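So this block is entry_35.cif, mmCIF, C-alpha atoms:
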data_work
#
loop_
_atom_site.label_atom_id
_atom_site.label_comp_id
_atom_site.auth_asym_id
_atom_site.auth_seq_id
_atom_site.Cartn_x
_atom_site.Cartn_y
_atom_site.Cartn_z
CA MET R 2 226.57 -12.30 -38.39
CA THR R 3 224.50 -9.57 -36.77
CA GLU R 4 222.15 -9.49 -39.72
CA SER R 5 221.77 -13.28 -39.62
CA LEU R 6 220.83 -13.13 -35.95
CA LEU R 7 218.41 -10.33 -36.66
CA ARG R 8 216.75 -12.28 -39.44
CA ALA R 9 216.61 -15.53 -37.45
CA GLY R 10 215.03 -13.67 -34.52
CA GLY R 11 212.47 -12.10 -36.83
CA ALA R 12 211.57 -15.45 -38.39
CA ALA R 13 211.19 -17.09 -34.96
CA LEU R 14 209.04 -14.21 -33.70
CA THR R 15 206.85 -14.31 -36.81
CA VAL R 16 206.30 -18.06 -36.55
CA ALA R 17 205.52 -17.75 -32.82
CA TYR R 18 203.02 -14.94 -33.50
CA ALA R 19 201.34 -16.97 -36.26
CA VAL R 20 201.10 -19.99 -33.95
CA LEU R 21 199.59 -17.77 -31.23
CA ILE R 22 196.93 -16.50 -33.65
CA GLY R 23 196.16 -20.06 -34.73
CA TRP R 24 195.89 -21.14 -31.10
CA LEU R 25 193.54 -18.23 -30.31
CA ALA R 26 191.33 -19.17 -33.27
CA THR R 27 191.09 -22.81 -32.22
CA SER R 28 190.72 -22.40 -28.45
CA GLN R 29 188.50 -19.24 -28.50
CA PRO R 30 189.41 -17.85 -25.05
CA GLN R 31 186.88 -15.43 -23.55
CA SER R 32 189.08 -13.48 -21.15
CA ILE R 33 192.69 -12.44 -20.59
CA ALA R 34 192.84 -14.98 -17.75
CA GLU R 35 191.90 -17.73 -20.19
CA VAL R 36 194.56 -16.55 -22.63
CA THR R 37 197.34 -16.47 -20.03
CA GLY R 38 196.12 -19.68 -18.38
CA GLY R 39 195.92 -21.46 -21.71
CA LEU R 40 199.41 -20.34 -22.70
CA ALA R 41 200.77 -21.37 -19.30
CA ALA R 42 199.07 -24.77 -19.63
CA THR R 43 200.67 -25.22 -23.05
CA PHE R 44 204.08 -24.95 -21.40
CA GLY R 45 202.99 -26.98 -18.36
CA ALA R 46 203.27 -23.97 -16.07
CA TYR R 47 199.62 -23.57 -15.09
CA GLU R 48 198.86 -23.91 -11.38
CA VAL R 49 195.64 -23.75 -9.41
CA ASP R 50 195.43 -21.46 -6.39
CA ALA R 51 195.26 -24.12 -3.64
CA ILE R 52 193.86 -21.80 -0.94
CA SER R 53 190.92 -20.70 -3.11
CA PHE R 54 190.32 -24.30 -4.14
CA GLN R 55 190.09 -25.47 -0.53
CA GLU R 56 187.81 -22.54 0.28
CA GLY R 57 185.54 -23.61 -2.60
CA LEU R 58 185.57 -27.20 -1.36
CA ARG R 59 184.51 -26.08 2.11
CA LEU R 60 181.65 -24.01 0.71
CA PHE R 61 180.64 -26.90 -1.57
CA ARG R 62 180.34 -29.24 1.41
CA GLU R 63 178.23 -26.62 3.18
CA GLU R 64 175.93 -26.62 0.13
CA GLN R 65 176.77 -23.01 -0.74
CA PHE R 66 177.20 -23.86 -4.39
CA GLU R 67 177.32 -20.40 -5.95
CA ALA R 68 179.88 -19.21 -3.40
CA ALA R 69 181.89 -22.36 -4.01
CA ARG R 70 181.94 -21.69 -7.74
CA THR R 71 183.10 -18.12 -7.13
CA ALA R 72 186.02 -19.45 -5.09
CA TRP R 73 186.84 -22.03 -7.75
CA SER R 74 186.73 -19.43 -10.50
CA ARG R 75 189.42 -17.62 -8.51
CA ALA R 76 191.37 -20.84 -8.09
CA ASP R 77 191.16 -21.84 -11.77
CA PRO R 78 190.52 -18.62 -13.74
CA ALA R 79 191.35 -20.21 -17.08
CA GLY R 80 189.17 -23.29 -16.52
CA ARG R 81 192.16 -25.51 -17.22
CA ASP R 82 192.24 -27.73 -14.14
CA PRO R 83 190.28 -31.00 -14.59
CA ARG R 84 189.69 -31.56 -10.86
CA THR R 85 188.38 -28.03 -10.23
CA GLN R 86 186.13 -28.15 -13.28
CA PHE R 87 184.82 -31.56 -12.16
CA TYR R 88 183.84 -30.02 -8.82
CA VAL R 89 182.24 -27.07 -10.61
CA ALA R 90 180.17 -29.51 -12.68
CA TYR R 91 179.30 -31.45 -9.54
CA SER R 92 178.13 -28.25 -7.83
CA PHE R 93 175.81 -27.54 -10.78
CA TYR R 94 174.47 -31.10 -10.50
CA ARG R 95 173.78 -30.85 -6.77
CA GLN R 96 172.28 -27.36 -7.06
CA GLY R 97 170.07 -28.33 -10.00
CA TRP R 98 168.94 -31.64 -8.55
CA GLY R 99 165.32 -31.84 -7.39
CA ARG R 100 163.22 -34.65 -6.04
CA VAL R 101 160.48 -33.97 -8.57
CA SER R 102 162.28 -32.15 -11.37
CA HIS R 103 165.77 -30.94 -12.25
CA ASP R 104 166.94 -27.49 -13.35
CA ASP R 105 167.88 -27.89 -17.01
CA ALA R 106 169.86 -24.64 -17.17
CA LEU R 107 172.08 -25.66 -14.24
CA TYR R 108 172.52 -29.13 -15.69
CA ALA R 109 173.56 -27.61 -19.02
CA ALA R 110 176.11 -25.42 -17.21
CA GLY R 111 177.33 -28.56 -15.46
CA LEU R 112 177.85 -30.28 -18.79
CA ASP R 113 179.83 -27.27 -20.03
CA ALA R 114 182.10 -27.41 -16.99
CA LEU R 115 182.49 -31.15 -17.43
CA ALA R 116 183.48 -30.64 -21.06
CA ARG R 117 186.20 -28.24 -19.89
CA ALA R 118 187.39 -30.83 -17.36
CA VAL R 119 187.57 -33.56 -19.99
CA ALA R 120 189.29 -31.26 -22.48
CA ALA R 121 191.95 -30.31 -19.95
CA ALA R 122 192.56 -33.84 -18.64
CA PRO R 123 195.30 -35.96 -20.20
CA GLY R 124 193.55 -38.59 -22.30
CA GLY R 125 190.17 -37.13 -21.36
CA HIS R 126 189.93 -39.25 -18.19
CA VAL R 127 188.80 -37.38 -15.08
CA THR R 128 188.69 -39.30 -11.82
CA VAL R 129 188.31 -37.62 -8.43
CA SER R 130 188.72 -39.86 -5.38
CA ASP R 131 186.79 -37.81 -2.84
CA PRO R 132 184.98 -40.02 -0.27
CA ASN R 133 182.37 -37.28 0.22
CA LEU R 134 181.20 -37.70 -3.37
CA GLN R 135 179.14 -40.56 -4.75
CA ILE R 136 180.19 -39.93 -8.34
CA HIS R 137 183.90 -40.14 -9.00
CA THR R 138 184.37 -40.01 -12.77
CA ALA R 139 183.43 -37.54 -15.48
CA ASP R 140 181.65 -40.28 -17.43
CA GLU R 141 179.31 -41.09 -14.53
CA LEU R 142 178.61 -37.44 -13.84
CA GLU R 143 177.91 -36.75 -17.51
CA ALA R 144 175.47 -39.67 -17.63
CA GLU R 145 173.72 -38.33 -14.52
CA LEU R 146 173.47 -34.81 -15.95
CA ARG R 147 172.21 -36.02 -19.33
CA ALA R 148 169.67 -38.32 -17.71
CA GLY R 149 168.40 -35.34 -15.74
CA GLN R 150 167.86 -33.37 -18.92
CA THR R 151 166.03 -36.18 -20.71
CA GLN R 152 162.24 -36.23 -20.60
CA ASP R 153 160.56 -39.65 -20.87
CA TRP R 154 157.78 -41.74 -19.32
CA SER R 155 159.90 -42.58 -16.26
CA ASP R 156 159.50 -38.92 -15.21
CA LEU R 157 155.88 -39.75 -14.38
CA ASN R 158 156.86 -42.55 -12.03
CA PRO R 159 155.71 -41.48 -8.52
CA LEU R 160 158.47 -43.57 -6.94
CA ARG R 161 161.07 -41.14 -8.24
CA VAL R 162 160.42 -38.92 -5.23
CA PHE R 163 162.25 -41.52 -3.14
CA ARG R 164 165.44 -41.17 -5.17
CA SER R 165 168.36 -39.54 -3.46
CA ARG R 166 170.90 -37.02 -4.67
CA LYS R 167 174.37 -38.37 -5.28
CA MET M 1259 214.35 -2.43 -47.64
CA THR M 1260 216.10 -2.86 -44.31
CA PRO M 1261 216.34 -6.32 -42.69
CA VAL M 1262 214.45 -4.98 -39.66
CA ARG M 1263 211.46 -4.00 -41.76
CA GLU M 1264 211.53 -7.32 -43.64
CA ALA M 1265 212.09 -9.58 -40.62
CA TYR M 1266 210.02 -7.77 -37.99
CA GLY M 1267 208.01 -4.82 -39.25
CA LEU M 1268 206.09 -6.26 -42.18
CA PRO M 1269 205.26 -9.75 -40.81
CA LEU M 1270 204.16 -8.37 -37.45
CA ILE M 1271 202.01 -5.63 -39.02
CA LEU M 1272 200.35 -8.06 -41.43
CA LEU M 1273 199.79 -10.76 -38.80
CA THR M 1274 198.27 -8.13 -36.51
CA VAL M 1275 195.82 -7.42 -39.32
CA VAL M 1276 195.00 -11.15 -39.38
CA LEU M 1277 194.44 -11.14 -35.61
CA ILE M 1278 192.34 -7.96 -35.41
CA GLY M 1279 190.37 -8.94 -38.51
CA GLY M 1280 189.45 -12.28 -37.00
CA ILE M 1281 187.87 -10.86 -33.86
CA ARG M 1282 184.05 -10.87 -33.93
CA LEU M 1283 182.55 -8.82 -31.12
CA THR M 1284 179.49 -11.00 -30.73
CA THR M 1285 178.40 -12.71 -27.50
CA PRO M 1286 180.57 -14.68 -26.82
CA VAL M 1287 183.53 -13.08 -28.60
CA VAL M 1288 184.92 -15.38 -31.28
CA ILE M 1289 188.01 -15.36 -33.47
CA ASP M 1290 187.11 -16.45 -36.98
CA PRO M 1291 189.52 -17.63 -39.67
CA PRO M 1292 189.09 -16.16 -43.17
CA THR M 1293 186.39 -17.72 -45.36
CA LEU M 1294 187.26 -20.08 -48.20
CA PHE M 1295 186.12 -17.59 -50.85
CA SER M 1296 188.33 -14.89 -49.33
CA LEU M 1297 191.33 -17.24 -49.62
CA VAL M 1298 190.64 -17.59 -53.34
CA LEU M 1299 190.31 -13.83 -53.77
CA ALA M 1300 193.47 -13.28 -51.68
CA SER M 1301 195.54 -15.44 -54.01
CA VAL M 1302 194.23 -13.49 -57.01
CA LEU M 1303 195.01 -10.25 -55.17
CA LEU M 1304 198.56 -11.43 -54.49
CA ALA M 1305 199.04 -11.95 -58.22
CA VAL M 1306 197.57 -8.50 -58.93
CA PHE M 1307 199.94 -6.92 -56.39
CA ALA M 1308 202.94 -8.64 -57.96
CA ARG M 1309 201.88 -7.58 -61.45
CA SER M 1310 201.28 -3.94 -60.58
CA GLY M 1311 204.46 -3.60 -58.54
CA VAL M 1312 202.79 -3.17 -55.15
CA VAL M 1313 205.12 -5.92 -54.03
CA ASP M 1314 208.15 -7.21 -55.89
CA PRO M 1315 208.49 -10.92 -55.04
CA SER M 1316 212.06 -10.98 -56.39
CA ARG M 1317 213.07 -8.58 -53.60
CA LEU M 1318 211.77 -11.08 -51.08
CA LEU M 1319 212.66 -14.42 -52.67
CA HIS M 1320 215.72 -14.67 -54.89
CA GLN M 1321 218.60 -17.05 -55.40
CA ASP M 1322 221.12 -14.26 -54.69
CA ARG M 1323 219.74 -13.80 -51.18
CA SER M 1324 220.76 -15.89 -48.19
CA ALA M 1325 218.53 -18.74 -46.96
CA LEU M 1326 217.51 -16.75 -43.89
CA ALA M 1327 216.65 -13.71 -46.00
CA ASN M 1328 214.54 -15.90 -48.26
CA LEU M 1329 212.82 -17.36 -45.20
CA ASN M 1330 211.98 -13.82 -44.04
CA GLY M 1331 210.71 -12.98 -47.51
CA MET M 1332 208.58 -16.10 -47.64
CA LEU M 1333 207.06 -15.23 -44.25
CA VAL M 1334 206.25 -11.71 -45.50
CA LEU M 1335 204.46 -13.13 -48.55
CA PHE M 1336 202.62 -15.68 -46.41
CA ALA M 1337 201.54 -12.98 -43.94
CA LEU M 1338 200.46 -10.75 -46.85
CA PHE M 1339 198.34 -13.57 -48.26
CA LEU M 1340 196.65 -14.17 -44.89
CA ALA M 1341 196.12 -10.44 -44.30
CA ASN M 1342 194.54 -10.07 -47.77
CA ALA M 1343 192.18 -12.94 -47.01
CA GLN M 1344 191.29 -11.69 -43.55
CA VAL M 1345 190.59 -8.13 -44.73
CA ILE M 1346 188.33 -9.36 -47.54
CA SER M 1347 186.61 -11.76 -45.15
CA ARG M 1348 186.08 -9.08 -42.49
CA LEU M 1349 184.66 -6.51 -44.87
CA THR M 1350 182.27 -8.98 -46.49
CA PRO M 1351 178.89 -9.17 -44.70
CA ASP M 1352 178.30 -12.49 -42.97
CA ALA M 1353 175.27 -13.75 -44.87
CA GLY M 1354 172.45 -13.06 -47.27
CA LEU M 1355 172.15 -10.69 -50.20
CA PRO M 1356 174.76 -8.18 -48.91
CA ALA M 1357 177.38 -10.95 -48.69
CA LEU M 1358 176.75 -11.86 -52.32
CA ALA M 1359 176.81 -8.23 -53.45
CA VAL M 1360 180.09 -7.37 -51.69
CA SER M 1361 181.72 -10.63 -52.84
CA VAL M 1362 180.83 -9.74 -56.44
CA LEU M 1363 182.20 -6.22 -55.84
CA PHE M 1364 185.54 -7.66 -54.69
CA PHE M 1365 185.68 -10.15 -57.53
CA VAL M 1366 184.95 -7.56 -60.23
CA THR M 1367 187.41 -5.09 -58.71
CA LEU M 1368 190.17 -7.71 -58.71
CA LEU M 1369 189.44 -8.54 -62.35
CA GLN M 1370 189.62 -4.84 -63.23
CA LEU M 1371 192.85 -4.37 -61.30
CA GLY M 1372 194.35 -7.38 -63.05
CA ALA M 1373 193.26 -6.32 -66.51
CA ALA M 1374 194.10 -2.62 -66.18
CA ARG M 1375 197.83 -3.22 -65.45
CA LEU M 1376 197.99 -0.18 -63.19
CA ASP M 1377 201.15 1.10 -61.56
CA ARG M 1378 201.75 0.74 -57.82
CA THR M 1379 200.24 4.03 -56.71
CA ARG M 1380 197.07 3.71 -58.76
CA CYS M 1381 196.59 0.08 -57.83
CA LEU M 1382 196.93 0.87 -54.12
CA ARG M 1383 194.61 3.85 -54.44
CA MET M 1384 191.92 1.83 -56.22
CA TRP M 1385 192.19 -1.06 -53.76
CA ALA M 1386 191.98 1.33 -50.80
CA VAL M 1387 188.84 2.97 -52.23
CA THR M 1388 187.26 -0.48 -52.77
CA LEU M 1389 188.01 -1.52 -49.20
CA LEU M 1390 186.69 1.75 -47.82
CA SER M 1391 183.49 1.32 -49.83
CA ALA M 1392 183.03 -2.20 -48.48
CA PHE M 1393 183.67 -0.89 -44.96
CA VAL M 1394 180.98 1.78 -45.36
CA VAL M 1395 178.51 -0.77 -46.74
CA LYS M 1396 179.06 -3.27 -43.93
CA PHE M 1397 179.67 -1.16 -40.85
CA VAL M 1398 177.79 2.05 -41.62
CA ILE M 1399 174.83 1.20 -43.86
CA LEU M 1400 174.14 -2.43 -42.92
CA GLY M 1401 175.15 -1.73 -39.30
CA ALA M 1402 172.46 0.93 -39.11
CA LEU M 1403 169.89 -1.38 -40.69
CA ALA M 1404 170.73 -4.36 -38.50
CA GLY M 1405 171.16 -2.42 -35.25
CA PRO M 1406 168.46 -1.88 -32.64
CA ALA M 1407 165.74 0.44 -33.95
CA ASP M 1408 165.19 2.89 -31.11
CA ARG M 1409 163.14 5.42 -33.07
CA PRO M 1410 159.92 5.00 -35.05
CA VAL M 1411 161.58 6.05 -38.33
CA ALA M 1412 164.34 3.49 -37.85
CA ARG M 1413 161.81 0.78 -37.04
CA ALA M 1414 159.78 1.65 -40.12
CA LEU M 1415 162.91 1.63 -42.32
CA GLN M 1416 163.99 -1.75 -40.94
CA ALA M 1417 160.54 -3.22 -41.53
CA LEU M 1418 160.48 -1.82 -45.07
CA VAL M 1419 163.94 -3.15 -45.99
CA ASP M 1420 163.23 -6.50 -44.33
CA GLY M 1421 159.99 -6.83 -46.26
CA LEU M 1422 161.49 -5.80 -49.60
CA THR M 1423 164.41 -8.24 -49.28
CA PHE M 1424 162.44 -11.12 -47.74
CA GLY M 1425 164.60 -10.95 -44.62
CA SER M 1426 167.86 -11.50 -46.49
CA LEU M 1427 169.37 -8.33 -44.99
CA SER M 1428 169.15 -9.58 -41.41
CA LEU M 1429 172.67 -9.84 -40.04
CA PRO M 1430 174.27 -11.07 -36.82
CA LEU M 1431 174.54 -8.17 -34.40
CA GLU M 1432 178.01 -7.10 -33.27
CA ARG M 1433 178.89 -4.55 -30.59
CA PRO M 1434 179.41 -0.92 -31.77
CA ALA M 1435 183.17 -1.24 -31.15
CA ALA M 1436 183.36 -3.77 -34.01
CA GLY M 1437 183.34 -0.95 -36.57
CA TYR M 1438 186.23 0.84 -34.86
CA LEU M 1439 188.17 -2.42 -34.67
CA ALA M 1440 187.59 -3.07 -38.37
CA PHE M 1441 188.70 0.48 -39.17
CA ALA M 1442 191.90 -0.04 -37.17
CA MET M 1443 192.46 -3.27 -39.09
CA LEU M 1444 191.96 -1.47 -42.39
CA GLY M 1445 194.39 1.32 -41.45
CA THR M 1446 197.05 -1.15 -40.29
CA TYR M 1447 196.63 -3.19 -43.47
CA LEU M 1448 197.06 -0.15 -45.73
CA ILE M 1449 200.19 0.89 -43.81
CA GLY M 1450 201.50 -2.64 -44.33
CA LEU M 1451 200.83 -2.43 -48.07
CA VAL M 1452 202.67 0.89 -48.37
CA LEU M 1453 205.69 -0.59 -46.56
CA LEU M 1454 205.96 -3.59 -48.93
CA PRO M 1455 209.07 -3.68 -51.17
CA ALA M 1456 207.92 -2.17 -54.44
CA ALA M 1457 209.12 -3.10 -57.90
CA HIS M 1458 211.92 -0.84 -59.08
CA ARG M 1459 210.82 1.58 -61.74
CA ARG M 1460 212.43 1.04 -65.11
CA ALA M 1461 214.49 4.01 -66.23
CA LEU M 1462 213.49 5.65 -69.47
CA LEU M 1463 216.45 5.71 -71.83
CA VAL M 1464 216.64 8.55 -74.31
CA ARG M 1465 219.25 8.19 -76.99
CA ARG M 1466 220.62 11.41 -78.44
CA SER M 1467 221.25 11.27 -82.11
#

Turn the structure described in the file into structure tokens.
Amino acid sequence: MTESLLRAGGAALTVAYAVLIGWLATSQPQSIAEVTGGLAATFGAYEVDAISFQEGLRLFREEQFEAARTAWSRADPAGRDPRTQFYVAYSFYRQGWGRVSHDDALYAAGLDALARAVAAAPGGHVTVSDPNLQIHTADELEAELRAGQTQDWSDLNPLRVFRSRK
Amino acid sequence: MTPVREAYGLPLILLTVVLIGGIRLTTPVVIDPPTLFSLVLASVLLAVFARSGVVDPSRLLHQDRSALANLNGMLVLFALFLANAQVISRLTPDAGLPALAVSVLFFVTLLQLGAARLDRTRCLRMWAVTLLSAFVVKFVILGALAGPADRPVARALQALVDGLTFGSLSLPLERPAAGYLAFAMLGTYLIGLVLLPAAHRRALLVRRS
């Protein structure tokens, strides 16, 4: 009986270890926080630090985008919360937006954050109902970011200086 | 072999080899699965190990054993297969002429090991020497050639080798710790091989007349 238990425990542990290695190879985490956060999310136990999130939101509304992202990286260290990652992407959009030209590097970082948000959201649908924002879904934000990265004849239109940031 | 070694020790050691061997210390850090060619070589190597007595499959999978014991044995063989593939994959350079050369080295060595019908000790010794040679080629020689050339002699050597090989020696740059990690993987793998259940030696019968 004891030997059977021992063997069953060993088999379970081996299978769990193999699954962990497979998960690491497919999800490619870059930090211990991402590993623990990813594992917690697998079991539905991942939670965002609400205080840091609210702090980030306050800084975002004050247009302190880098500080906001620092607070959100504390709130969601594993990058597993769709709402936080949507706000991170939005902060890159607002920071990179310009009346004449946009910052491609910031827009690319915004798309990365948006990809994390979509990947973490059930069904890939991210909707944030914040009245202070003009874009509420990941699809709209992605379109805005991609349009900002595209170079075409409309970039030469002088009327574009009258466009407003969303 | 004790149930603890079979159920815990061997699978965990061999899977750790798979994990460590998959880590590439590039920027960003990635965890790579073994290459397809290494999977082919690993299956050949498994057959070579069984033939030379490095591992006795009948001590891991047999009708006289319980279902749980057979499950443990199957997991050991599966982990051994993956560890073989990962070690071969890790010690093979990533691209170019060196990748081809080391792949041929592994292939020829496996053919020799299979044809020579060596005993366990000799087979393990020869395989260990092959792996160590591949390690030196990838992490010592090619690492020095692909690394940053901080001295004029190194720069001249890199330019010479690059010119002679038409750039086929250029390799993705990993952090210096990658070599130490690969060495740890190699050591762990060899410990795992030594701990495998070996084939029982046949007794020599001498009949007195």

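Within the file as shown, the PyMOL selection byres ((chain R and resi 22-36) around 7) identifies Tyr18, Ala19, Val20, Leu21, Thr37, Gly38, Gly39, Leu40, Pro78 and Ala79 of chain R; Leu1277, Val1287, Val1288, Ile1289, Asp1290 and Pro1291 of chain M.
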
Using only C-alpha atoms, I'd like a table of the residues in segment 1295-1320 of chain M that come within 9 Å of segment 1350-1373 of chain M; for each, show the closest atom pair and its distance in Å rounded to one decimal, ordered by chain and ascending number, as a Markdown table.
| residue | atom | partner | partner_atom | distance |
| --- | --- | --- | --- | --- |
| M:Phe1295 | CA | M:Ser1361 | CA | 8.5 |
| M:Ser1296 | CA | M:Ser1361 | CA | 8.6 |
| M:Leu1299 | CA | M:Phe1365 | CA | 7.0 |
| M:Val1302 | CA | M:Leu1368 | CA | 7.3 |
| M:Leu1303 | CA | M:Leu1368 | CA | 6.5 |
| M:Ala1305 | CA | M:Gly1372 | CA | 8.1 |
| M:Val1306 | CA | M:Gly1372 | CA | 5.3 |
| M:Phe1307 | CA | M:Gly1372 | CA | 8.7 |
| M:Arg1309 | CA | M:Gly1372 | CA | 7.7 |
| M:Ser1310 | CA | M:Gly1372 | CA | 8.1 |

Selected residues, C-alpha atoms, written as a PDB file, in the frame of the given file, please.
ATOM      1  CA  PHE M1295     186.120 -17.590 -50.850  1.00  0.00           C
ATOM      2  CA  SER M1296     188.330 -14.890 -49.330  1.00  0.00           C
ATOM      3  CA  LEU M1299     190.310 -13.830 -53.770  1.00  0.00           C
ATOM      4  CA  VAL M1302     194.230 -13.490 -57.010  1.00  0.00           C
ATOM      5  CA  LEU M1303     195.010 -10.250 -55.170  1.00  0.00           C
ATOM      6  CA  ALA M1305     199.040 -11.950 -58.220  1.00  0.00           C
ATOM      7  CA  VAL M1306     197.570  -8.500 -58.930  1.00  0.00           C
ATOM      8  CA  PHE M1307     199.940  -6.920 -56.390  1.00  0.00           C
ATOM      9  CA  ARG M1309     201.880  -7.580 -61.450  1.00  0.00           C
ATOM     10  CA  SER M1310     201.280  -3.940 -60.580  1.00  0.00           C
TER      11      SER M1310
END

- Contact residues (chain M, partner chain R, 12 Å, all atoms listed in the file) as a PyMOL selection string: chain M and resi 1260-1292+1323-1334+1336-1337+1340-1341

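Residues captured in this structure file are Ile1271, Leu1272, Thr1274, Val1275, Ile1278, Gly1279, Val1345, Ala1386, Leu1389, Leu1390, Phe1393, Tyr1438, Leu1439, Ala1440, Phe1441, Ala1442, Met1443, Leu1444, Thr1446, Tyr1447, Leu1448, Ile1449, Gly1450, Leu1451 and Val1452 of chain M, according to the PyMOL selection byres ((chain M and resi 1445) around 12).
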
- Computed gap from atom CA of Arg147 of chain R to atom CA of Leu160 of chain R is 20.0 Å

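Proximity of M:Arg1375, M:Leu1400, M:Leu1349, M:Val1313 to Thr1388 of chain M, computed with only C-alpha atoms, is greatest for M:Leu1349.
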
- Could you tell me which residues the PyMOL selection byres ((chain R and resi 48) around 12) grabs in this file, written as an MDAnalysis selection string? chainID R and resid 37:47 49:54 75:85

- Item | Test item: residues at most 12 Å from segment 157-159 of chain R, all atoms listed in the file, excluding those fewer than 6 positions along its chain, as a PyMOL selection string | chain R and resi 100-102

Axis-aligned box for all listed atoms of segment 10-17 of chain R, 8 Å per side, centre and edges in Å to one decimal, as JSON:
{"center_x": 210.3, "center_y": -15.1, "center_z": -35.6, "size_x": 25.5, "size_y": 22.0, "size_z": 21.6}

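Reported to one decimal place, the separation of atom CA of Met1259 of chain M from atom CA of Pro1455 of chain M is 6.5 Å.
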
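In this model, the gap between atom CA of Arg166 of chain R and atom CA of Arg95 of chain R comes to 7.1 Å.
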
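Using all atoms listed in the file, the nearest neighbour of Gly1401 of chain M within the list M:Leu1376, M:Ala1435, M:Ala1457, M:Cys1381 is M:Ala1435.
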
Kindly output segment 1366-1378 of chain M as a short mmCIF file (atom, residue, chain, number, x, y, z; two decimals), keeping the file's coordinate frame, after building N, CA, C and O atoms.
data_model
loop_
_atom_site.label_atom_id
_atom_site.label_comp_id
_atom_site.auth_asym_id
_atom_site.auth_seq_id
_atom_site.Cartn_x
_atom_site.Cartn_y
_atom_site.Cartn_z
N VAL M 1366 184.89 -8.42 -59.04
CA VAL M 1366 184.95 -7.56 -60.23
C VAL M 1366 186.11 -6.58 -60.11
O VAL M 1366 186.85 -6.34 -61.07
N THR M 1367 186.30 -6.03 -58.91
CA THR M 1367 187.41 -5.09 -58.71
C THR M 1367 188.75 -5.77 -58.98
O THR M 1367 189.64 -5.19 -59.61
N LEU M 1368 188.90 -7.00 -58.50
CA LEU M 1368 190.17 -7.71 -58.71
C LEU M 1368 190.39 -7.99 -60.19
O LEU M 1368 191.52 -7.88 -60.69
N LEU M 1369 189.31 -8.33 -60.90
CA LEU M 1369 189.44 -8.54 -62.35
C LEU M 1369 189.87 -7.25 -63.04
O LEU M 1369 190.74 -7.25 -63.91
N GLN M 1370 189.27 -6.14 -62.63
CA GLN M 1370 189.62 -4.84 -63.23
C GLN M 1370 191.08 -4.48 -62.94
O GLN M 1370 191.80 -4.05 -63.82
N LEU M 1371 191.47 -4.69 -61.67
CA LEU M 1371 192.85 -4.37 -61.30
C LEU M 1371 193.84 -5.22 -62.09
O LEU M 1371 194.90 -4.75 -62.50
N GLY M 1372 193.47 -6.49 -62.30
CA GLY M 1372 194.35 -7.38 -63.05
C GLY M 1372 194.44 -7.01 -64.51
O GLY M 1372 195.51 -7.04 -65.12
N ALA M 1373 193.30 -6.62 -65.07
CA ALA M 1373 193.26 -6.32 -66.51
C ALA M 1373 193.85 -4.95 -66.82
O ALA M 1373 194.41 -4.74 -67.89
N ALA M 1374 193.72 -4.01 -65.89
CA ALA M 1374 194.10 -2.62 -66.18
C ALA M 1374 195.61 -2.42 -66.17
O ALA M 1374 196.11 -1.45 -66.72
N ARG M 1375 196.36 -3.33 -65.55
CA ARG M 1375 197.83 -3.22 -65.45
C ARG M 1375 198.24 -1.84 -64.93
O ARG M 1375 198.99 -1.10 -65.57
N LEU M 1376 197.70 -1.48 -63.79
CA LEU M 1376 197.99 -0.18 -63.19
C LEU M 1376 199.38 -0.18 -62.57
O LEU M 1376 199.94 -1.23 -62.28
N ASP M 1377 199.89 1.04 -62.31
CA ASP M 1377 201.15 1.10 -61.56
C ASP M 1377 200.84 1.00 -60.08
O ASP M 1377 199.68 0.93 -59.65
N ARG M 1378 201.90 1.00 -59.26
CA ARG M 1378 201.75 0.74 -57.82
C ARG M 1378 200.80 1.72 -57.14
O ARG M 1378 199.87 1.32 -56.44
#
